[in-house]
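The data block below is run.cif; it holds mmCIF, C-alpha atoms and all ligand atoms; chains and numbers go by the auth columns.
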```cif
data_input
#
loop_
_atom_site.group_PDB
_atom_site.id
_atom_site.type_symbol
_atom_site.label_atom_id
_atom_site.label_comp_id
_atom_site.label_asym_id
_atom_site.label_seq_id
_atom_site.Cartn_x
_atom_site.Cartn_y
_atom_site.Cartn_z
_atom_site.B_iso_or_equiv
_atom_site.auth_seq_id
_atom_site.auth_asym_id
ATOM 1 C CA VAL A 1 91.717 85.763 62.372 0.00 10 A
ATOM 2 C CA ASP A 2 92.843 85.112 65.956 0.00 11 A
ATOM 3 C CA SER A 3 89.940 87.150 67.356 0.00 12 A
ATOM 4 C CA ARG A 4 87.933 84.090 68.441 0.00 13 A
ATOM 5 C CA VAL A 5 88.969 81.549 71.028 0.00 14 A
ATOM 6 C CA PHE A 6 86.975 78.350 71.358 0.00 15 A
ATOM 7 C CA SER A 7 86.685 75.960 74.280 0.00 16 A
ATOM 8 C CA GLN A 8 84.341 73.064 74.920 0.00 17 A
ATOM 9 C CA ARG A 9 81.240 75.135 75.723 0.00 18 A
ATOM 10 C CA LEU A 10 82.357 78.716 75.153 0.00 19 A
ATOM 11 C CA VAL A 11 83.546 81.132 72.557 0.00 20 A
ATOM 12 C CA LEU A 12 85.601 84.164 73.534 0.00 21 A
ATOM 13 C CA ARG A 13 85.099 86.859 70.906 0.00 22 A
ATOM 14 C CA GLY A 14 85.940 90.508 70.388 0.00 23 A
ATOM 15 C CA VAL A 15 83.509 93.206 71.544 0.00 24 A
ATOM 16 C CA GLU A 16 80.997 94.263 68.855 0.00 25 A
ATOM 17 C CA PRO A 17 79.050 97.566 68.890 0.00 26 A
ATOM 18 C CA GLU A 18 75.893 95.664 69.883 0.00 27 A
ATOM 19 C CA ASP A 19 77.650 94.381 73.036 0.00 28 A
ATOM 20 C CA LEU A 20 78.325 97.872 74.389 0.00 29 A
ATOM 21 C CA ALA A 21 74.978 98.318 76.158 0.00 30 A
ATOM 22 C CA LEU A 22 75.565 95.036 77.993 0.00 31 A
ATOM 23 C CA ILE A 23 79.148 95.962 78.901 0.00 32 A
ATOM 24 C CA SER A 24 77.936 99.268 80.319 0.00 33 A
ATOM 25 C CA LYS A 25 75.105 97.577 82.234 0.00 34 A
ATOM 26 C CA TRP A 26 77.472 95.001 83.734 0.00 35 A
ATOM 27 C CA SER A 27 80.055 97.661 84.586 0.00 36 A
ATOM 28 C CA LEU A 28 77.436 99.555 86.607 0.00 37 A
ATOM 29 C CA SER A 29 76.005 96.527 88.414 0.00 38 A
ATOM 30 C CA ALA A 30 77.304 95.463 91.829 0.00 39 A
ATOM 31 C CA LYS A 31 75.714 92.046 91.295 0.00 40 A
ATOM 32 C CA ALA A 32 77.484 91.445 87.965 0.00 41 A
ATOM 33 C CA ASN A 33 80.855 92.226 89.552 0.00 42 A
ATOM 34 C CA GLY A 34 80.384 90.289 92.760 0.00 43 A
ATOM 35 C CA LEU A 35 82.044 91.147 96.053 0.00 44 A
ATOM 36 C CA TYR A 36 85.623 90.961 94.834 0.00 45 A
ATOM 37 C CA LEU A 37 85.668 93.046 91.679 0.00 46 A
ATOM 38 C CA SER A 38 85.056 96.793 91.744 0.00 47 A
ATOM 39 C CA PRO A 39 82.517 98.006 89.160 0.00 48 A
ATOM 40 C CA GLU A 40 84.203 100.056 86.432 0.00 49 A
ATOM 41 C CA GLU A 41 81.076 102.240 86.161 0.00 50 A
ATOM 42 C CA LEU A 42 81.155 103.055 82.454 0.00 51 A
ATOM 43 C CA THR A 43 78.207 104.778 80.817 0.00 52 A
ATOM 44 C CA LEU A 44 77.100 103.609 77.373 0.00 53 A
ATOM 45 C CA GLY A 45 78.688 106.756 75.912 0.00 54 A
ATOM 46 C CA GLU A 46 81.996 105.941 77.604 0.00 55 A
ATOM 47 C CA CYS A 47 81.842 102.368 76.283 0.00 56 A
ATOM 48 C CA GLN A 48 81.171 103.660 72.762 0.00 57 A
ATOM 49 C CA GLU A 49 84.122 106.022 73.059 0.00 58 A
ATOM 50 C CA LYS A 50 86.393 103.229 74.313 0.00 59 A
ATOM 51 C CA HIS A 51 85.283 101.009 71.443 0.00 60 A
ATOM 52 C CA ALA A 52 85.902 103.763 68.887 0.00 61 A
ATOM 53 C CA ASN A 53 89.355 104.429 70.376 0.00 62 A
ATOM 54 C CA GLY A 54 90.375 100.780 70.204 0.00 63 A
ATOM 55 C CA CYS A 55 90.578 100.427 74.002 0.00 64 A
ATOM 56 C CA PHE A 56 88.882 97.013 73.863 0.00 65 A
ATOM 57 C CA TRP A 57 91.212 95.663 71.188 0.00 66 A
ATOM 58 C CA ASN A 58 94.772 96.793 70.653 0.00 67 A
ATOM 59 C CA GLU A 59 98.313 95.483 70.644 0.00 68 A
ATOM 60 C CA HIS A 60 98.673 95.542 74.431 0.00 69 A
ATOM 61 C CA SER A 61 95.180 94.825 75.683 0.00 70 A
ATOM 62 C CA ARG A 62 92.122 92.896 74.534 0.00 71 A
ATOM 63 C CA THR A 63 88.641 92.430 75.963 0.00 72 A
ATOM 64 C CA PHE A 64 86.634 89.373 74.957 0.00 73 A
ATOM 65 C CA MET A 65 82.963 88.630 75.451 0.00 74 A
ATOM 66 C CA ILE A 66 82.492 85.198 77.029 0.00 75 A
ATOM 67 C CA ALA A 67 79.561 83.620 75.196 0.00 76 A
ATOM 68 C CA GLN A 68 78.019 80.208 75.276 0.00 77 A
ATOM 69 C CA LYS A 69 78.398 78.521 71.913 0.00 78 A
ATOM 70 C CA GLU A 70 74.639 78.690 71.377 0.00 79 A
ATOM 71 C CA GLY A 71 74.803 82.440 71.749 0.00 80 A
ATOM 72 C CA GLU A 72 74.207 84.130 75.082 0.00 81 A
ATOM 73 C CA ALA A 73 77.004 86.317 76.455 0.00 82 A
ATOM 74 C CA ILE A 74 77.610 85.548 80.145 0.00 83 A
ATOM 75 C CA GLY A 75 80.588 87.740 80.956 0.00 84 A
ATOM 76 C CA THR A 76 83.883 89.252 79.863 0.00 85 A
ATOM 77 C CA ILE A 77 87.554 88.383 80.112 0.00 86 A
ATOM 78 C CA ARG A 78 90.404 90.702 79.296 0.00 87 A
ATOM 79 C CA TYR A 79 94.151 90.866 79.367 0.00 88 A
ATOM 80 C CA TRP A 80 96.741 93.571 79.197 0.00 89 A
ATOM 81 C CA ILE A 81 100.456 93.213 78.715 0.00 90 A
ATOM 82 C CA ARG A 82 102.433 94.787 81.542 0.00 91 A
ATOM 83 C CA PRO A 83 104.478 97.626 80.062 0.00 92 A
ATOM 84 C CA ASN A 84 107.890 96.922 81.566 0.00 93 A
ATOM 85 C CA GLY A 85 110.434 94.159 81.326 0.00 94 A
ATOM 86 C CA GLN A 86 109.349 90.634 80.449 0.00 95 A
ATOM 87 C CA SER A 87 106.186 90.084 78.435 0.00 96 A
ATOM 88 C CA ILE A 88 103.674 89.365 81.207 0.00 97 A
ATOM 89 C CA ALA A 89 99.930 89.314 80.516 0.00 98 A
ATOM 90 C CA VAL A 90 97.554 90.179 83.357 0.00 99 A
ATOM 91 C CA VAL A 91 94.081 88.607 83.045 0.00 100 A
ATOM 92 C CA CYS A 92 90.793 89.593 84.678 0.00 101 A
ATOM 93 C CA VAL A 93 87.596 87.555 84.299 0.00 102 A
ATOM 94 C CA LYS A 94 83.979 88.353 85.107 0.00 103 A
ATOM 95 C CA ILE A 95 81.111 85.866 84.839 0.00 104 A
ATOM 96 C CA ALA A 96 78.504 88.627 85.009 0.00 105 A
ATOM 97 C CA LEU A 97 75.366 86.490 85.018 0.00 106 A
ATOM 98 C CA VAL A 98 75.148 85.144 88.552 0.00 107 A
ATOM 99 C CA GLU A 99 73.136 82.059 87.536 0.00 108 A
ATOM 100 C CA HIS A 100 76.063 80.960 85.366 0.00 109 A
ATOM 101 C CA ARG A 101 78.632 81.068 88.189 0.00 110 A
ATOM 102 C CA GLY A 102 79.759 77.845 89.796 0.00 111 A
ATOM 103 C CA ARG A 103 79.249 75.877 86.573 0.00 112 A
ATOM 104 C CA GLY A 104 82.876 75.717 85.494 0.00 113 A
ATOM 105 C CA PHE A 105 82.627 78.575 82.991 0.00 114 A
ATOM 106 C CA GLY A 106 85.110 80.802 84.855 0.00 115 A
ATOM 107 C CA THR A 107 87.689 78.021 84.890 0.00 116 A
ATOM 108 C CA GLU A 108 86.996 77.172 81.241 0.00 117 A
ATOM 109 C CA ALA A 109 87.307 80.793 80.041 0.00 118 A
ATOM 110 C CA GLN A 110 90.559 81.338 81.954 0.00 119 A
ATOM 111 C CA ARG A 111 92.003 78.069 80.641 0.00 120 A
ATOM 112 C CA ALA A 112 91.100 79.047 77.064 0.00 121 A
ATOM 113 C CA LEU A 113 92.600 82.539 77.362 0.00 122 A
ATOM 114 C CA THR A 114 95.757 81.187 79.004 0.00 123 A
ATOM 115 C CA ASN A 115 96.178 78.729 76.106 0.00 124 A
ATOM 116 C CA TYR A 116 95.633 81.560 73.643 0.00 125 A
ATOM 117 C CA LEU A 117 98.204 83.801 75.337 0.00 126 A
ATOM 118 C CA PHE A 118 100.892 81.140 75.403 0.00 127 A
ATOM 119 C CA SER A 119 100.194 79.752 71.943 0.00 128 A
ATOM 120 C CA THR A 120 99.597 82.923 69.908 0.00 129 A
ATOM 121 C CA LYS A 121 101.345 85.674 71.889 0.00 130 A
ATOM 122 C CA ARG A 122 104.955 85.712 72.971 0.00 131 A
ATOM 123 C CA CYS A 123 104.080 85.842 76.676 0.00 132 A
ATOM 124 C CA ASP A 124 106.618 84.742 79.258 0.00 133 A
ATOM 125 C CA ALA A 125 103.964 84.471 81.975 0.00 134 A
ATOM 126 C CA VAL A 126 100.288 85.063 82.744 0.00 135 A
ATOM 127 C CA GLU A 127 99.229 86.695 86.014 0.00 136 A
ATOM 128 C CA MET A 128 95.973 87.261 87.873 0.00 137 A
ATOM 129 C CA PHE A 129 95.190 89.369 90.907 0.00 138 A
ATOM 130 C CA THR A 130 92.553 88.186 93.327 0.00 139 A
ATOM 131 C CA ASP A 131 90.982 89.404 96.545 0.00 140 A
ATOM 132 C CA ILE A 132 92.067 87.463 99.624 0.00 141 A
ATOM 133 C CA ASP A 133 88.433 86.327 100.215 0.00 142 A
ATOM 134 C CA ASN A 134 87.680 85.296 96.604 0.00 143 A
ATOM 135 C CA MET A 135 87.778 81.536 97.180 0.00 144 A
ATOM 136 C CA ALA A 136 86.115 80.654 93.848 0.00 145 A
ATOM 137 C CA GLU A 137 88.823 82.465 91.902 0.00 146 A
ATOM 138 C CA GLN A 138 91.594 80.980 94.018 0.00 147 A
ATOM 139 C CA ARG A 139 90.225 77.481 93.366 0.00 148 A
ATOM 140 C CA CYS A 140 90.119 78.231 89.633 0.00 149 A
ATOM 141 C CA LEU A 141 93.740 79.366 89.709 0.00 150 A
ATOM 142 C CA LYS A 142 94.866 76.306 91.633 0.00 151 A
ATOM 143 C CA LYS A 143 93.171 74.021 89.088 0.00 152 A
ATOM 144 C CA LEU A 144 94.828 75.939 86.267 0.00 153 A
ATOM 145 C CA GLY A 145 98.308 75.504 87.758 0.00 154 A
ATOM 146 C CA PHE A 146 98.868 79.116 88.815 0.00 155 A
ATOM 147 C CA VAL A 147 101.302 79.632 91.671 0.00 156 A
ATOM 148 C CA LEU A 148 101.070 82.244 94.434 0.00 157 A
ATOM 149 C CA PHE A 149 103.677 84.864 93.561 0.00 158 A
ATOM 150 C CA GLU A 150 103.089 87.422 96.322 0.00 159 A
ATOM 151 C CA SER A 151 100.462 88.652 98.747 0.00 160 A
ATOM 152 C CA LEU A 152 99.915 92.354 98.445 0.00 161 A
ATOM 153 C CA THR A 153 97.608 95.328 98.528 0.00 162 A
ATOM 154 C CA TYR A 154 96.510 96.247 95.013 0.00 163 A
ATOM 155 C CA ASP A 155 94.346 98.896 93.424 0.00 164 A
ATOM 156 C CA ASP A 156 91.066 97.747 91.844 0.00 165 A
ATOM 157 C CA HIS A 157 89.426 100.764 90.176 0.00 166 A
ATOM 158 C CA GLY A 158 90.196 103.117 92.998 0.00 167 A
ATOM 159 C CA ARG A 159 89.517 100.605 95.746 0.00 168 A
ATOM 160 C CA SER A 160 92.401 99.169 97.685 0.00 169 A
ATOM 161 C CA ARG A 161 92.204 95.376 98.132 0.00 170 A
ATOM 162 C CA GLN A 162 94.107 92.868 100.184 0.00 171 A
ATOM 163 C CA GLY A 163 94.887 89.993 97.909 0.00 172 A
ATOM 164 C CA HIS A 164 97.243 87.791 95.995 0.00 173 A
ATOM 165 C CA ARG A 165 99.099 87.886 92.735 0.00 174 A
ATOM 166 C CA TYR A 166 99.228 84.484 91.035 0.00 175 A
ATOM 167 C CA ARG A 167 101.499 83.604 88.142 0.00 176 A
ATOM 168 C CA LEU A 168 101.885 80.849 85.577 0.00 177 A
ATOM 169 C CA THR A 169 105.173 80.844 83.686 0.00 178 A
ATOM 170 C CA ARG A 170 105.493 79.558 80.139 0.00 179 A
ATOM 171 C CA GLU A 171 107.859 76.875 81.380 0.00 180 A
ATOM 172 C CA ARG A 172 105.425 75.554 83.985 0.00 181 A
ATOM 173 C CA TYR A 173 102.499 75.798 81.545 0.00 182 A
ATOM 174 C CA GLY A 174 104.353 73.513 79.095 0.00 183 A
ATOM 175 C CA GLY A 175 104.452 70.698 81.638 0.00 184 A
ATOM 176 C CA LEU A 176 100.865 70.816 82.886 0.00 185 A
ATOM 177 C CA PRO A 177 98.434 68.063 81.823 0.00 186 A
ATOM 178 C CA GLU A 178 95.508 70.428 82.534 0.00 187 A
ATOM 179 C CA TYR A 179 96.229 72.217 79.250 0.00 188 A
ATOM 180 C CA ARG A 180 96.804 69.219 77.001 0.00 189 A
ATOM 181 C CA PHE A 181 94.113 68.044 74.593 0.00 190 A
ATOM 182 C CA THR A 182 92.114 71.231 75.156 0.00 191 A
ATOM 183 C CA GLN A 183 91.555 73.930 72.576 0.00 192 A
HETATM 184 C C1 LIG B . 85.397 84.056 90.268 0.00 201 B
HETATM 185 C C2 LIG B . 84.730 83.457 89.030 0.00 201 B
HETATM 186 C C3 LIG B . 85.518 83.876 87.789 0.00 201 B
HETATM 187 C C4 LIG B . 84.746 81.929 89.142 0.00 201 B
HETATM 188 O O1 LIG B . 84.126 81.385 88.017 0.00 201 B
HETATM 189 P P1 LIG B . 82.933 80.329 88.189 0.00 201 B
HETATM 190 O O2 LIG B . 82.500 79.936 86.836 0.00 201 B
HETATM 191 O O3 LIG B . 81.914 80.905 89.094 0.00 201 B
HETATM 192 O O4 LIG B . 83.688 79.161 88.956 0.00 201 B
HETATM 193 P P2 LIG B . 83.835 77.630 88.538 0.00 201 B
HETATM 194 O O5 LIG B . 82.481 77.032 88.385 0.00 201 B
HETATM 195 O O6 LIG B . 84.767 77.537 87.388 0.00 201 B
HETATM 196 O O7 LIG B . 84.464 77.019 89.847 0.00 201 B
HETATM 197 C C5 LIG B . 85.771 77.247 90.236 0.00 201 B
HETATM 198 C C6 LIG B . 86.030 76.643 91.591 0.00 201 B
HETATM 199 O O8 LIG B . 85.506 77.503 92.603 0.00 201 B
HETATM 200 C C7 LIG B . 84.622 76.786 93.442 0.00 201 B
HETATM 201 N N1 LIG B . 83.588 77.716 93.832 0.00 201 B
HETATM 202 C C8 LIG B . 82.602 78.234 93.058 0.00 201 B
HETATM 203 N N2 LIG B . 81.900 79.129 93.762 0.00 201 B
HETATM 204 C C9 LIG B . 82.451 79.178 94.990 0.00 201 B
HETATM 205 C C10 LIG B . 82.174 79.933 96.166 0.00 201 B
HETATM 206 N N3 LIG B . 81.187 80.834 96.192 0.00 201 B
HETATM 207 N N4 LIG B . 82.973 79.732 97.247 0.00 201 B
HETATM 208 C C11 LIG B . 83.991 78.853 97.227 0.00 201 B
HETATM 209 N N5 LIG B . 84.308 78.122 96.130 0.00 201 B
HETATM 210 C C12 LIG B . 83.535 78.294 95.034 0.00 201 B
HETATM 211 C C13 LIG B . 84.135 75.644 92.589 0.00 201 B
HETATM 212 O O9 LIG B . 83.686 74.583 93.396 0.00 201 B
HETATM 213 C C14 LIG B . 85.381 75.306 91.802 0.00 201 B
HETATM 214 O O10 LIG B . 86.328 74.584 92.563 0.00 201 B
HETATM 215 P P3 LIG B . 86.474 73.000 92.543 0.00 201 B
HETATM 216 O O11 LIG B . 86.395 72.579 91.108 0.00 201 B
HETATM 217 O O12 LIG B . 87.800 72.792 93.171 0.00 201 B
HETATM 218 O O13 LIG B . 85.308 72.489 93.326 0.00 201 B
HETATM 219 C C15 LIG B . 83.254 83.945 88.898 0.00 201 B
HETATM 220 O O14 LIG B . 82.507 83.490 89.985 0.00 201 B
HETATM 221 C C16 LIG B . 83.105 85.442 88.746 0.00 201 B
HETATM 222 O O15 LIG B . 83.259 85.967 87.645 0.00 201 B
HETATM 223 N N6 LIG B . 82.827 86.170 89.859 0.00 201 B
HETATM 224 C C17 LIG B . 82.640 87.589 89.821 0.00 201 B
HETATM 225 C C18 LIG B . 83.865 88.370 89.357 0.00 201 B
HETATM 226 C C19 LIG B . 85.155 87.928 90.006 0.00 201 B
HETATM 227 O O16 LIG B . 85.252 87.736 91.208 0.00 201 B
HETATM 228 N N7 LIG B . 86.181 87.760 89.169 0.00 201 B
HETATM 229 C C20 LIG B . 87.507 87.378 89.560 0.00 201 B
HETATM 230 C C21 LIG B . 88.279 88.584 89.799 0.00 201 B
HETATM 231 S S1 LIG B . 89.939 88.212 90.199 0.00 201 B
#
```

Any chance you could give the structure as structure tokens?
Ligand SMILES: CC(C)(COP(=O)(O)OP(=O)(O)OC[C@H]1O[C@@H](n2cnc3c(N)ncnc32)[C@H](O)[C@@H]1OP(=O)(O)O)[C@@H](O)C(=O)NCCC(=O)NCCS
Amino acid sequence: VDSRVFSQRLVLRGVEPEDLALISKWSLSAKANGLYLSPEELTLGECQEKHANGCFWNEHSRTFMIAQKEGEAIGTIRYWIRPNGQSIAVVCVKIALVEHRGRGFGTEAQRALTNYLFSTKRCDAVEMFTDIDNMAEQRCLKKLGFVLFESLTYDDHGRSRQGHRYRLTRERYGGLPEYRFTQ
């Protein structure tokens, strides 16, 4: 029942078999990933296999389609729970349709998923990695109350990136007005 997350204009929903062609297309497209996300390069067959194996939806990791409430899917957002220690969810967002970037959807989707993680999962913190030059993402994270945790080199699908790890703790989340009165 907790497979759908609603925000003002968006619904985040689980991946259906009919989404797999789009997921594959976006994963192969440099444009859909932008300059700061490395394409995963999954064929349709690989996407079907991942879906069948529960890779898009399991206890530790979930991928959501980001769709406008009227219907059209515009991207994906996923999280995975880091395996060691505290329960920390790492989130990665992709507004794949370029014409829908810069319209607040990235911020809205990340706010909705952050709410979901703190309200329905027992997460201690949410984290995001971002390329040092990804100013749009860094502005999103600032608006959403994330704090720079460390600057580092991280692996993004086989490509090494200079970037930052941002974190929002449950304690800080509880005190932020940004998250009140939103779904
Ligand atoms: C990064 C991304 C998620 C941002 O989502 P978005 O819907 O485009 O961004 P928003 O409209 O919510 O805007 C967020 C902020 O970034 C700013 N912004 C948008 N595009 C920008 C750009 N090209 N350069 C600098 N700032 C930009 C906006 O002005 C806004 O800040 P403000 O409210 O302080 O003015 C989205 O562009 C995307 O998916 N890009 C491709 C994949 C990617 O980089 N994912 C993140 C991986 S960590």

Run the PyMOL selection byres (((chain A and resi 156) around 12) and not hetatm) against the file shown and list the residues it catches, as a ChimeraX atom specification.
/A:134-138,147-155,157-160,173-178,181-182

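When you apply the PyMOL selection byres (((chain A and resi 69) around 6) and not hetatm) to this structure, what comes back is A:Asn67, A:Glu68, A:Ser70, A:Trp89, A:Ile90.
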
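The coordinates place atom CA of Gly23 of chain A at 10.0 Å from atom CA of Arg87 of chain A.
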
Residues selected by the PyMOL selection byres (((chain A and resi 33) around 10) and not hetatm), written as a ChimeraX atom specification:
/A:28-32,34-38,49-57

File of the preceding selection, C-alpha atoms, as a tab-separated table (two decimals), in the coordinates of the input:
```tsv
chain	number	residue	atom	x	y	z
A	28	ASP	CA	77.65	94.38	73.04
A	29	LEU	CA	78.32	97.87	74.39
A	30	ALA	CA	74.98	98.32	76.16
A	31	LEU	CA	75.56	95.04	77.99
A	32	ILE	CA	79.15	95.96	78.90
A	34	LYS	CA	75.10	97.58	82.23
A	35	TRP	CA	77.47	95.00	83.73
A	36	SER	CA	80.06	97.66	84.59
A	37	LEU	CA	77.44	99.56	86.61
A	38	SER	CA	76.00	96.53	88.41
A	49	GLU	CA	84.20	100.06	86.43
A	50	GLU	CA	81.08	102.24	86.16
A	51	LEU	CA	81.16	103.06	82.45
A	52	THR	CA	78.21	104.78	80.82
A	53	LEU	CA	77.10	103.61	77.37
A	54	GLY	CA	78.69	106.76	75.91
A	55	GLU	CA	82.00	105.94	77.60
A	56	CYS	CA	81.84	102.37	76.28
A	57	GLN	CA	81.17	103.66	72.76
```

Would you list the residues that come within 10 Å of ligand LIG 201 (chain B)? Count all atoms listed in the file and give the answer as a ChimeraX atom specification.
/A:39-48,83-86,100-120,137-153,165,172-174

Give me the residues within 7 Å of Leu21 of chain A as a PyMOL selection string, counting all atoms listed in the file and dropping any in the same chain fewer than 3 places off.
chain A and resi 13-15+73-76

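For the set A:Pro26, A:Leu19, A:Cys132, A:Cys64, the residue with the smallest atom-to-atom gap to Lys78 of chain A is A:Leu19, counting only C-alpha atoms.
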
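Going from atom CA of Ser96 of chain A to atom CA of Asp133 of chain A covers 5.4 Å.
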